[in-house]
>>> print(open('final_37.pdb').read())   # PDB, C-alpha atoms (C1' of nucleotides)
MODEL        1
ATOM      1  CA  MET U 246      37.828   3.835  47.229
ATOM      2  CA  PRO U 247      40.521   3.581  44.560
ATOM      3  CA  VAL U 248      43.524   1.624  45.683
ATOM      4  CA  ALA U 249      44.879   0.382  42.395
ATOM      5  CA  GLN U 250      47.317   2.619  40.606
ATOM      6  CA  GLN U 251      45.646   4.636  37.874
ATOM      7  CA  THR U 252      48.392   6.976  36.814
ATOM      8  CA  PRO U 253      52.120   6.535  37.223
ATOM      9  CA  PRO U 254      53.433   8.144  40.398
ATOM     10  CA  PRO U 255      55.902  10.995  39.888
ATOM     11  CA  ALA U 256      59.506  10.044  39.469
ATOM     12  CA  THR U 257      60.552  12.600  42.054
ATOM     13  CA  ASP U 258      59.231  13.858  45.367
ATOM     14  CA  ALA U 259      58.230  17.144  43.737
ATOM     15  CA  PRO U 260      54.905  18.602  44.867
ATOM     16  CA  ASP U 261      51.792  17.359  43.097
ATOM     17  CA  ALA U 262      49.034  19.972  42.901
ATOM     18  CA  SER U 263      46.352  17.339  42.364
ATOM     19  CA  VAL U 264      47.408  15.548  45.538
ATOM     20  CA  ARG U 265      47.272  18.771  47.501
ATOM     21  CA  ALA U 266      43.841  19.628  46.114
ATOM     22  CA  ASP U 267      42.427  16.205  46.944
ATOM     23  CA  VAL U 268      43.882  16.162  50.455
ATOM     24  CA  VAL U 269      42.383  19.581  51.144
ATOM     25  CA  ALA U 270      39.016  18.487  49.705
ATOM     26  CA  TRP U 271      39.125  15.416  51.933
ATOM     27  CA  PHE U 272      39.900  17.633  54.915
ATOM     28  CA  ASP U 273      36.885  19.823  54.189
ATOM     29  CA  ARG U 274      34.681  16.752  54.610
ATOM     30  CA  HIS U 275      36.440  14.817  57.341
ATOM     31  CA  ALA U 276      38.195  17.304  59.633
ATOM     32  CA  ARG U 277      37.585  16.675  63.313
ATOM     33  CA  ASP U 278      35.566  19.304  65.112
ATOM     34  CA  LEU U 279      38.279  20.303  67.570
ATOM     35  CA  PRO U 280      37.744  23.308  69.859
ATOM     36  CA  TRP U 281      40.999  25.023  68.893
ATOM     37  CA  ARG U 282      39.711  25.024  65.301
ATOM     38  CA  ALA U 283      36.412  26.741  66.156
ATOM     39  CA  ALA U 284      35.594  30.075  64.542
ATOM     40  CA  ASP U 285      35.820  31.837  67.902
ATOM     41  CA  ARG U 286      39.299  30.491  68.656
ATOM     42  CA  THR U 287      42.015  32.843  69.851
ATOM     43  CA  ALA U 288      45.684  32.830  68.943
ATOM     44  CA  TRP U 289      46.473  32.108  72.580
ATOM     45  CA  GLY U 290      44.094  29.152  72.530
ATOM     46  CA  VAL U 291      45.841  27.814  69.456
ATOM     47  CA  LEU U 292      49.241  28.255  71.073
ATOM     48  CA  VAL U 293      48.087  26.469  74.231
ATOM     49  CA  SER U 294      46.742  23.600  72.136
ATOM     50  CA  GLU U 295      50.023  23.264  70.265
ATOM     51  CA  VAL U 296      52.072  23.091  73.454
ATOM     52  CA  MET U 297      49.717  20.520  74.961
ATOM     53  CA  LEU U 298      49.795  18.496  71.750
ATOM     54  CA  GLN U 299      53.574  18.472  71.544
ATOM     55  CA  GLN U 300      53.706  14.988  72.980
ATOM     56  CA  THR U 301      50.172  14.181  74.132
ATOM     57  CA  PRO U 302      47.431  12.691  71.905
ATOM     58  CA  VAL U 303      44.408  14.778  70.885
ATOM     59  CA  VAL U 304      41.882  12.727  72.843
ATOM     60  CA  ARG U 305      43.658  13.487  76.101
ATOM     61  CA  VAL U 306      44.359  17.131  75.291
ATOM     62  CA  GLU U 307      40.817  18.164  74.393
ATOM     63  CA  PRO U 308      39.206  18.116  77.874
ATOM     64  CA  ALA U 309      42.335  19.575  79.462
ATOM     65  CA  TRP U 310      42.413  22.370  76.884
ATOM     66  CA  ARG U 311      38.757  23.302  77.521
ATOM     67  CA  ALA U 312      39.273  23.510  81.280
ATOM     68  CA  TRP U 313      42.546  25.409  80.856
ATOM     69  CA  LEU U 314      41.140  28.080  78.555
ATOM     70  CA  GLU U 315      38.073  28.537  80.720
ATOM     71  CA  ARG U 316      40.272  29.115  83.747
ATOM     72  CA  TRP U 317      42.980  31.167  82.037
ATOM     73  CA  PRO U 318      41.514  32.661  78.830
ATOM     74  CA  SER U 319      44.409  35.018  78.095
ATOM     75  CA  PRO U 320      48.195  35.115  78.460
ATOM     76  CA  ALA U 321      47.789  37.683  81.252
ATOM     77  CA  ASP U 322      45.562  35.291  83.182
ATOM     78  CA  LEU U 323      48.070  32.466  83.034
ATOM     79  CA  ALA U 324      50.967  34.815  83.730
ATOM     80  CA  ALA U 325      49.342  35.875  86.997
ATOM     81  CA  ALA U 326      48.528  32.362  88.214
ATOM     82  CA  PRO U 327      50.451  30.588  90.978
ATOM     83  CA  THR U 328      52.795  28.076  89.364
ATOM     84  CA  ALA U 329      51.522  25.357  91.695
ATOM     85  CA  ASP U 330      48.025  25.848  90.254
ATOM     86  CA  VAL U 331      49.433  25.644  86.739
ATOM     87  CA  LEU U 332      51.230  22.374  87.450
ATOM     88  CA  ARG U 333      48.164  20.890  89.124
ATOM     89  CA  ALA U 334      45.958  21.884  86.182
ATOM     90  CA  TRP U 335      48.469  20.282  83.821
ATOM     91  CA  ASP U 336      47.790  17.113  85.802
ATOM     92  CA  ARG U 337      48.896  14.011  83.890
ATOM     93  CA  LEU U 338      49.392  15.448  80.432
ATOM     94  CA  GLY U 339      53.041  14.499  80.787
ATOM     95  CA  TYR U 340      56.310  16.382  80.447
ATOM     96  CA  PRO U 341      55.391  18.973  83.097
ATOM     97  CA  ARG U 342      58.241  21.209  81.999
ATOM     98  CA  ARG U 343      55.902  22.085  79.131
ATOM     99  CA  ALA U 344      53.488  23.592  81.677
ATOM    100  CA  LEU U 345      56.297  25.599  83.206
ATOM    101  CA  ARG U 346      57.371  26.902  79.815
ATOM    102  CA  LEU U 347      53.787  27.672  78.850
ATOM    103  CA  GLN U 348      53.517  29.962  81.846
ATOM    104  CA  GLU U 349      56.919  31.496  81.030
ATOM    105  CA  CYS U 350      55.605  31.940  77.504
ATOM    106  CA  ALA U 351      52.499  33.708  78.809
ATOM    107  CA  ARG U 352      54.663  36.068  80.838
ATOM    108  CA  ALA U 353      56.892  36.756  77.846
ATOM    109  CA  VAL U 354      53.845  37.524  75.697
ATOM    110  CA  VAL U 355      52.659  39.981  78.336
ATOM    111  CA  GLU U 356      56.036  41.632  78.809
ATOM    112  CA  ARG U 357      57.262  41.694  75.202
ATOM    113  CA  HIS U 358      54.027  41.941  73.228
ATOM    114  CA  GLY U 359      51.487  43.616  75.483
ATOM    115  CA  GLY U 360      49.647  40.361  76.092
ATOM    116  CA  VAL U 361      49.019  39.722  72.390
ATOM    117  CA  VAL U 362      50.406  36.597  70.723
ATOM    118  CA  PRO U 363      52.752  37.780  67.951
ATOM    119  CA  ASP U 364      52.355  36.557  64.369
ATOM    120  CA  ASP U 365      56.008  37.132  63.535
ATOM    121  CA  GLU U 366      58.061  33.984  63.108
ATOM    122  CA  THR U 367      61.128  35.320  64.915
ATOM    123  CA  ALA U 368      59.089  36.649  67.818
ATOM    124  CA  LEU U 369      57.245  33.348  68.156
ATOM    125  CA  LEU U 370      60.471  31.337  68.098
ATOM    126  CA  ALA U 371      61.860  33.500  70.888
ATOM    127  CA  LEU U 372      59.042  32.476  73.230
ATOM    128  CA  PRO U 373      59.737  29.760  75.823
ATOM    129  CA  GLY U 374      58.521  26.335  74.736
ATOM    130  CA  VAL U 375      58.019  27.435  71.140
ATOM    131  CA  GLY U 376      60.220  25.686  68.589
ATOM    132  CA  ALA U 377      60.115  25.443  64.809
ATOM    133  CA  TYR U 378      57.000  23.298  64.730
ATOM    134  CA  THR U 379      54.920  25.322  67.181
ATOM    135  CA  ALA U 380      55.891  28.662  65.652
ATOM    136  CA  ALA U 381      54.853  27.418  62.220
ATOM    137  CA  ALA U 382      51.625  25.911  63.539
ATOM    138  CA  VAL U 383      50.577  29.109  65.303
ATOM    139  CA  ARG U 384      51.279  31.170  62.211
ATOM    140  CA  ALA U 385      49.216  28.814  60.063
ATOM    141  CA  PHE U 386      46.343  27.871  62.379
ATOM    142  CA  ALA U 387      45.920  31.073  64.366
ATOM    143  CA  PHE U 388      46.808  33.657  61.739
ATOM    144  CA  GLY U 389      46.247  31.874  58.427
ATOM    145  CA  ARG U 390      49.785  32.626  57.298
ATOM    146  CA  ARG U 391      52.059  30.514  55.108
ATOM    147  CA  SER U 392      54.567  28.457  57.067
ATOM    148  CA  VAL U 393      56.184  25.051  56.903
ATOM    149  CA  VAL U 394      54.305  22.976  59.453
ATOM    150  CA  LEU U 395      56.271  19.770  59.742
ATOM    151  CA  ASP U 396      55.126  17.473  62.509
ATOM    152  CA  THR U 397      55.220  13.703  62.813
ATOM    153  CA  ASN U 398      52.023  13.385  60.748
ATOM    154  CA  VAL U 399      53.110  15.565  57.841
ATOM    155  CA  ARG U 400      56.521  13.898  57.838
ATOM    156  CA  ARG U 401      54.883  10.498  57.461
ATOM    157  CA  VAL U 402      52.427  11.596  54.769
ATOM    158  CA  LEU U 403      55.200  13.115  52.652
ATOM    159  CA  ALA U 404      57.506  10.163  53.252
ATOM    160  CA  ARG U 405      54.853   7.862  51.810
ATOM    161  CA  VAL U 406      53.179   9.908  49.101
ATOM    162  CA  ALA U 407      56.229  11.785  47.866
ATOM    163  CA  ALA U 408      59.175   9.532  48.682
ATOM    164  CA  GLY U 409      57.638   6.062  48.707
ATOM    165  CA  GLU U 410      58.979   5.257  52.176
ATOM    166  CA  ALA U 411      57.056   3.571  54.975
ATOM    167  CA  LEU U 412      58.156   6.031  57.631
ATOM    168  CA  PRO U 413      60.345   9.133  57.809
ATOM    169  CA  ALA U 414      63.848   8.957  59.236
ATOM    170  CA  PRO U 415      64.123   8.764  63.033
ATOM    171  CA  ALA U 416      65.343  12.368  63.135
ATOM    172  CA  GLN U 417      64.112  15.188  60.935
ATOM    173  CA  THR U 418      66.528  15.980  58.117
ATOM    174  CA  ALA U 419      67.268  19.197  56.265
ATOM    175  CA  ALA U 420      66.233  17.550  53.005
ATOM    176  CA  GLU U 421      62.886  16.698  54.552
ATOM    177  CA  VAL U 422      62.316  20.326  55.521
ATOM    178  CA  ARG U 423      63.151  21.435  51.980
ATOM    179  CA  ARG U 424      60.743  18.919  50.523
ATOM    180  CA  ALA U 425      57.978  19.950  52.929
ATOM    181  CA  ALA U 426      58.564  23.617  52.083
ATOM    182  CA  ALA U 427      58.254  22.850  48.377
ATOM    183  CA  TRP U 428      54.866  21.237  49.008
ATOM    184  CA  VAL U 429      53.453  24.281  50.802
ATOM    185  CA  PRO U 430      51.484  26.525  48.396
ATOM    186  CA  ASP U 431      52.601  30.134  48.003
ATOM    187  CA  ASP U 432      49.269  31.656  48.967
ATOM    188  CA  ASP U 433      48.765  32.233  52.694
ATOM    189  CA  ALA U 434      45.263  30.784  52.985
ATOM    190  CA  ALA U 435      45.999  27.827  50.720
ATOM    191  CA  ALA U 436      49.189  27.114  52.653
ATOM    192  CA  ALA U 437      47.391  27.115  55.989
ATOM    193  CA  ARG U 438      44.724  24.760  54.644
ATOM    194  CA  TRP U 439      47.317  22.371  53.210
ATOM    195  CA  SER U 440      49.130  22.300  56.538
ATOM    196  CA  ALA U 441      45.974  21.458  58.472
ATOM    197  CA  ALA U 442      44.805  18.963  55.854
ATOM    198  CA  SER U 443      48.068  17.033  55.502
ATOM    199  CA  MET U 444      48.393  16.837  59.269
ATOM    200  CA  GLU U 445      44.846  15.557  59.625
ATOM    201  CA  LEU U 446      45.346  12.965  56.887
ATOM    202  CA  GLY U 447      48.336  11.637  58.802
ATOM    203  CA  ALA U 448      46.379  11.544  62.042
ATOM    204  CA  LEU U 449      43.251   9.839  60.699
ATOM    205  CA  VAL U 450      44.185   7.863  57.557
ATOM    206  CA  CYS U 451      47.913   7.739  56.902
ATOM    207  CA  THR U 452      48.634   6.462  60.403
ATOM    208  CA  ALA U 453      51.898   4.974  61.541
ATOM    209  CA  ARG U 454      50.923   1.440  62.473
ATOM    210  CA  THR U 455      47.929   0.495  60.338
ATOM    211  CA  PRO U 456      47.342   3.014  57.550
ATOM    212  CA  ARG U 457      43.829   3.037  56.092
ATOM    213  CA  CYS U 458      44.883   3.261  52.452
ATOM    214  CA  ALA U 459      41.407   2.197  51.298
ATOM    215  CA  ALA U 460      40.065   5.481  52.699
ATOM    216  CA  CYS U 461      42.878   7.659  51.369
ATOM    217  CA  PRO U 462      41.933  10.330  48.817
ATOM    218  CA  VAL U 463      45.339  10.104  47.105
ATOM    219  CA  ALA U 464      45.981   6.361  47.270
ATOM    220  CA  ASP U 465      46.181   6.225  43.465
ATOM    221  CA  ARG U 466      49.108   8.677  43.530
ATOM    222  CA  CYS U 467      50.989   7.346  46.565
ATOM    223  CA  ARG U 468      54.503   6.188  45.757
ATOM    224  CA  TRP U 469      54.654   3.972  48.830
ATOM    225  CA  LEU U 470      51.407   2.196  47.989
ATOM    226  CA  ALA U 471      52.409   1.886  44.327
ATOM    227  CA  ALA U 472      55.642   0.231  45.422
ATOM    228  CA  GLY U 473      53.706  -2.366  47.377
ATOM    229  CA  ARG U 474      54.075  -0.741  50.786
ATOM    230  CA  PRO U 475      57.707  -1.720  51.376
ATOM    231  CA  ALA U 476      58.878  -2.110  54.962
ATOM    232  CA  ASP U 477      60.442   0.661  57.020
ATOM    233  CA  ALA U 478      64.028   1.106  55.859
ATOM    234  CA  HIS U 479      65.242   2.618  59.130
ATOM    235  CA  ALA U 480      63.610   0.090  61.446
ATOM    236  CA  HIS U 481      67.025  -1.086  62.610
ATOM    237  CA  ARG U 482      67.851   2.400  63.863
ATOM    238  CA  ARG U 483      64.752   2.923  65.965
ATOM    239  CA  ARG U 484      64.935   2.024  69.601
ATOM    240  CA  THR U 485      62.059   2.126  71.988
ATOM    241  CA  GLN U 486      62.378   4.178  75.118
ATOM    242  CA  ALA U 487      62.398   2.144  78.295
ATOM    243  CA  TRP U 488      59.910   3.165  80.932
ATOM    244  CA  ALA U 489      59.863   0.931  84.003
ATOM    245  CA  GLY U 490      62.538   1.926  86.456
ATOM    246  CA  THR U 491      63.634   5.036  84.596
ATOM    247  CA  ASP U 492      64.118   8.496  86.016
ATOM    248  CA  ARG U 493      61.063   9.543  84.063
ATOM    249  CA  GLN U 494      58.893   7.170  86.032
ATOM    250  CA  VAL U 495      60.405   8.389  89.308
ATOM    251  CA  ARG U 496      59.879  12.019  88.368
ATOM    252  CA  GLY U 497      56.289  11.265  87.442
ATOM    253  CA  ARG U 498      55.612   9.698  90.817
ATOM    254  CA  VAL U 499      57.191  12.582  92.719
ATOM    255  CA  MET U 500      55.198  15.141  90.756
ATOM    256  CA  ALA U 501      51.980  13.161  91.264
ATOM    257  CA  LEU U 502      52.578  13.099  95.012
ATOM    258  CA  LEU U 503      53.305  16.819  95.209
ATOM    259  CA  ARG U 504      50.313  17.727  93.034
ATOM    260  CA  GLU U 505      48.012  16.082  95.537
ATOM    261  CA  ALA U 506      49.838  17.168  98.695
ATOM    262  CA  LEU U 507      48.032  19.785 100.766
ATOM    263  CA  ALA U 508      51.177  20.732 102.677
ATOM    264  CA  PRO U 509      54.956  20.588 102.121
ATOM    265  CA  VAL U 510      56.160  16.982 102.035
ATOM    266  CA  PRO U 511      59.057  15.856 104.254
ATOM    267  CA  HIS U 512      61.852  13.931 102.603
ATOM    268  CA  ASP U 513      60.856  10.738 104.415
ATOM    269  CA  ALA U 514      57.333  10.857 102.978
ATOM    270  CA  LEU U 515      58.760  11.464  99.541
ATOM    271  CA  ALA U 516      60.813   8.305  99.924
ATOM    272  CA  ALA U 517      57.602   6.280  99.986
ATOM    273  CA  VAL U 518      57.090   6.631  96.234
ATOM    274  CA  TRP U 519      60.374   4.976  95.218
ATOM    275  CA  PRO U 520      62.513   2.271  96.848
ATOM    276  CA  ASP U 521      65.883   3.309  95.410
ATOM    277  CA  ALA U 522      66.948   6.183  97.669
ATOM    278  CA  ALA U 523      69.874   7.265  95.514
ATOM    279  CA  GLN U 524      67.824   7.396  92.323
ATOM    280  CA  LEU U 525      65.029   9.213  94.116
ATOM    281  CA  ALA U 526      67.419  11.825  95.506
ATOM    282  CA  ARG U 527      68.933  12.368  92.084
ATOM    283  CA  CYS U 528      65.508  12.811  90.493
ATOM    284  CA  VAL U 529      64.263  15.177  93.194
ATOM    285  CA  ASP U 530      67.392  17.297  92.814
ATOM    286  CA  ALA U 531      66.800  17.399  89.077
ATOM    287  CA  LEU U 532      63.176  18.434  89.578
ATOM    288  CA  VAL U 533      64.324  21.243  91.870
ATOM    289  CA  ALA U 534      66.894  22.321  89.291
ATOM    290  CA  ASP U 535      64.172  22.255  86.610
ATOM    291  CA  GLY U 536      61.990  24.567  88.683
ATOM    292  CA  LEU U 537      59.236  21.975  89.008
ATOM    293  CA  VAL U 538      59.783  21.432  92.744
ATOM    294  CA  THR U 539      60.691  23.849  95.520
ATOM    295  CA  ARG U 540      62.869  22.710  98.398
ATOM    296  CA  ASP U 541      62.616  24.423 101.786
ATOM    297  CA  PRO U 542      65.185  25.429 102.797
ATOM    298  CA  ALA U 543      66.626  26.071  99.369
ATOM    299  CA  PRO U 544      69.502  23.819  98.250
ATOM    300  CA  GLY U 545      72.730  25.008  99.832
ATOM    301  CA  GLU U 546      71.101  26.876 102.675
ATOM    302  CA  ASP U 547      70.885  23.848 104.938
ATOM    303  CA  PRO U 548      73.020  20.770 104.293
ATOM    304  CA  ASP U 549      70.723  18.485 106.297
ATOM    305  CA  PRO U 550      68.433  16.779 103.744
ATOM    306  CA  ALA U 551      66.388  15.083 106.460
ATOM    307  CA  ALA U 552      65.090  18.487 107.578
ATOM    308  CA  ALA U 553      64.001  19.570 104.102
ATOM    309  CA  THR U 554      60.448  19.660 102.787
ATOM    310  CA  TYR U 555      59.276  19.705  99.182
ATOM    311  CA  ARG U 556      56.321  21.348  97.462
ATOM    312  CA  LEU U 557      55.238  22.725  94.106
ATOM    313  CA  PRO U 558      56.627  26.212  93.344
ATOM    314  CA  HIS U 559      54.431  29.209  94.119
TER     315      HIS U 559
ATOM    316  C1'  DA O  34      73.627  14.858  66.584
ATOM    317  C1'  DA O  35      72.389  12.748  70.810
ATOM    318  C1'  DC O  36      69.998  12.773  74.848
ATOM    319  C1'  DC O  37      66.492  13.838  78.244
ATOM    320  C1'  DC O  38      61.805  14.520  79.414
ATOM    321  C1'  DG O  39      55.389  11.431  81.198
ATOM    322  C1'  DG O  40      51.654   9.012  80.570
ATOM    323  C1'  DG O  41      47.974   6.576  78.572
ATOM    324  C1'  DG O  42      45.641   3.814  75.135
ATOM    325  C1'  DA O  43      45.670   0.851  71.026
ATOM    326  C1'  DA O  44      47.552  -3.013  68.573
TER     327       DA O  44
ATOM    328  C1'  DT Z  19      54.364  -6.036  75.747
ATOM    329  C1'  DT Z  20      55.387  -2.899  72.299
ATOM    330  C1'  DC Z  21      54.472   1.178  69.855
ATOM    331  C1'  DC Z  22      52.790   5.728  69.154
ATOM    332  C1'  DC Z  23      51.688  10.346  70.139
ATOM    333  C1'  DA Z  24      50.409  18.324  66.474
ATOM    334  C1'  DG Z  25      58.339  18.514  70.100
ATOM    335  C1'  DG Z  26      61.536  21.521  72.716
ATOM    336  C1'  DG Z  27      65.731  22.406  75.245
ATOM    337  C1'  DT Z  28      70.298  21.272  76.538
ATOM    338  C1'  DT Z  29      74.884  19.571  75.805
TER     339       DT Z  29
ENDMDL
END
>>> encode(input="final_37.pdb", output="structure tokens")
Amino acid sequence: MPVAQQTPPPATDAPDASVRADVVAWFDRHARDLPWRAADRTAWGVLVSEVMLQQTPVVRVEPAWRAWLERWPSPADLAAAPTADVLRAWDRLGYPRRALRLQECARAVVERHGGVVPDDETALLALPGVGAYTAAAVRAFAFGRRSVVLDTNVRRVLARVAAGEALPAPAQTAAEVRRAAAWVPDDDAAAARWSAASMELGALVCTARTPRCAACPVADRCRWLAAGRPADAHAHRRRTQAWAGTDRQVRGRVMALLREALAPVPHDALAAVWPDAAQLARCVDALVADGLVTRDPAPGEDPDPAAATYRLPH
DNA sequence: AACCCGGGGAA
DNA sequence: TTCCCAGGGTT
């Protein structure tokens, strides 16, 4: 595996066709055999995978995705499901609002597009839970169309290979999007392959913590490696998200309790999952406002909170 | 632009 | 313990 520099890296972050070709060739040999990449995949299956993968690692998504698609193969199937079933099937993938939006998305696909996932960028972006990344990913991976797929992996690969930086900026910049767009080939099929390949390289080789440069097909043309792998320039601006004691932990415990509850849960029983009554009440109210929890009677109908029960929405 | 939103596994 | 993960929506 060549690590030493053989040819001078480009002076700019302009696209390098030889890098693209070698990354794609590497992908052809090393791509993971993921179910949403199978020949018999559906556009809906791809969309479901992208929503699940928005903030959950591949290894945890794969079994959940298989079970999900077996249970609800089409948008119409998910659209017709009880929301409580959807939230229980989402289980511990995290960020359960994604599950809610995925069902809203399924209903929008049924109502707006006759149950068929659209391939139009504007139509995709209008779907609940679908942002710039997911719309681009569905266009590329489900329909083989050219789009600028810019996720955390592609951002890191381009930051290193093209810009010589250890990691991309904490927040995506407009300049980064322009650079990524310049790297995407004009041809639809070639563009889709580059998107999948650059993402996979970031996931398997050009990883955040301990990159495997010795296994990288373009190590000899990487500006970051050529510069001696300088440290992350924006390290001082990154702050880690706290977890213990946060509302996110409280919300997770409430949702876990309600997923397993066989009957509506009285407020007193809910209190067992968190000692701070004020924080718990605030989080439960937020979950109700988010549509993840249903309060009976509905908020405002009965001012006595001690009489209320909580459950997953139907 | 900043902030909020879960959960698990690897380093 | 800390860090990372195929982001999106709201303010």
>>> atom_distance(input="final_37.pdb", atom1="atom CA of Cys467 of chain U", atom2="atom CA of Val383 of chain U")
28.7 Å
>>> atom_distance(input="final_37.pdb", atom1="atom CA of Ala351 of chain U", atom2="atom CA of Gly290 of chain U")
11.4 Å
>>> atom_distance(input="final_37.pdb", atom1="atom C1' of DA35 of chain O", atom2="atom CA of Tyr378 of chain U")
19.6 Å
>>> resolve_selection(input="final_37.pdb", expression="the PyMOL selection byres ((chain Z and resi 25) around 12)", output="mmCIF file with C-alpha atoms (C1' of nucleotides), in the coordinates of the input")
data_model
loop_
_atom_site.group_PDB
_atom_site.id
_atom_site.type_symbol
_atom_site.label_atom_id
_atom_site.label_comp_id
_atom_site.auth_asym_id
_atom_site.auth_seq_id
_atom_site.Cartn_x
_atom_site.Cartn_y
_atom_site.Cartn_z
ATOM 1 C CA GLU U 295 50.023 23.264 70.265
ATOM 2 C CA VAL U 296 52.072 23.091 73.454
ATOM 3 C CA MET U 297 49.717 20.520 74.961
ATOM 4 C CA LEU U 298 49.795 18.496 71.750
ATOM 5 C CA GLN U 299 53.574 18.472 71.544
ATOM 6 C CA GLN U 300 53.706 14.988 72.980
ATOM 7 C CA THR U 301 50.172 14.181 74.132
ATOM 8 C CA TYR U 340 56.310 16.382 80.447
ATOM 9 C CA ARG U 343 55.902 22.085 79.131
ATOM 10 C CA GLY U 374 58.521 26.335 74.736
ATOM 11 C CA VAL U 375 58.019 27.435 71.140
ATOM 12 C CA GLY U 376 60.220 25.686 68.589
ATOM 13 C CA ALA U 377 60.115 25.443 64.809
ATOM 14 C CA TYR U 378 57.000 23.298 64.730
ATOM 15 C CA THR U 379 54.920 25.322 67.181
ATOM 16 C CA ALA U 380 55.891 28.662 65.652
ATOM 17 C CA ALA U 382 51.625 25.911 63.539
ATOM 18 C CA LEU U 395 56.271 19.770 59.742
ATOM 19 C CA ASP U 396 55.126 17.473 62.509
ATOM 20 C CA THR U 397 55.220 13.703 62.813
ATOM 21 C CA ALA U 416 65.343 12.368 63.135
ATOM 22 C CA GLN U 417 64.112 15.188 60.935
ATOM 23 C "C1'" DC O 38 61.805 14.520 79.414
ATOM 24 C "C1'" DC Z 23 51.688 10.346 70.139
ATOM 25 C "C1'" DA Z 24 50.409 18.324 66.474
ATOM 26 C "C1'" DG Z 26 61.536 21.521 72.716
ATOM 27 C "C1'" DG Z 27 65.731 22.406 75.245
#
>>> interface_residues(input="final_37.pdb", of="chain O", to="chain U", cutoff="9 Å", atoms="all atoms listed in the file", output="number ranges by chain")
O: 38-41, 44
>>> axis_aligned_box(input="final_37.pdb", around="segment 402-418 of chain U", padding_each_side="4 Å", output="JSON")
{"center_x": 59.5, "center_y": 9.8, "center_z": 55.5, "size_x": 22.1, "size_y": 20.4, "size_z": 23.3}
>>> resolve_selection(input="final_37.pdb", expression="the PyMOL selection byres ((chain Z and resi 20) around 12)", output="NGL selection string")
(:U and (454 or 484-488)) or (:O and (43-44)) or (:Z and (19 or 21-22))
>>> resolve_selection(input="final_37.pdb", expression="the PyMOL selection byres ((chain Z and resi 28) around 9)", output="ChimeraX atom specification")
/O:36-37 /Z:27,29
>>> residues_around(input="final_37.pdb", residues="Gln524 of chain U", least_positions_apart="3", cutoff="12 Å", atoms="only C-alpha atoms (C1' of nucleotides)", output="PyMOL selection string")
chain U and resi 490-496+499+516+518-521+527-531
>>> closest_residue(input="final_37.pdb", among="U:Gly536, U:Leu314, U:Asp273, U:Ala427", to="Glu349 of chain U", atoms="only C-alpha atoms")
U:Gly536
>>> closest_residue(input="final_37.pdb", among="U:Ala309, U:Val355, U:Val362, U:Leu372", to="chain Z", atoms="only C-alpha atoms (C1' of nucleotides)")
U:Leu372
>>> residues_around(input="final_37.pdb", residues="Val293 of chain U", least_positions_apart="4", cutoff="8 Å", atoms="only C-alpha atoms (C1' of nucleotides)", output="PyMOL selection string")
chain U and resi 289+297+310+347
>>> closest_residue(input="final_37.pdb", among="U:Arg483, U:Arg424, U:Arg438, U:Arg265", to="chain Z", atoms="all atoms listed in the file")
U:Arg483
>>> closest_residue(input="final_37.pdb", among="U:Glu505, U:Asp330, U:Glu445, U:Glu421", to="chain Z", atoms="only C-alpha atoms (C1' of nucleotides)")
U:Glu445
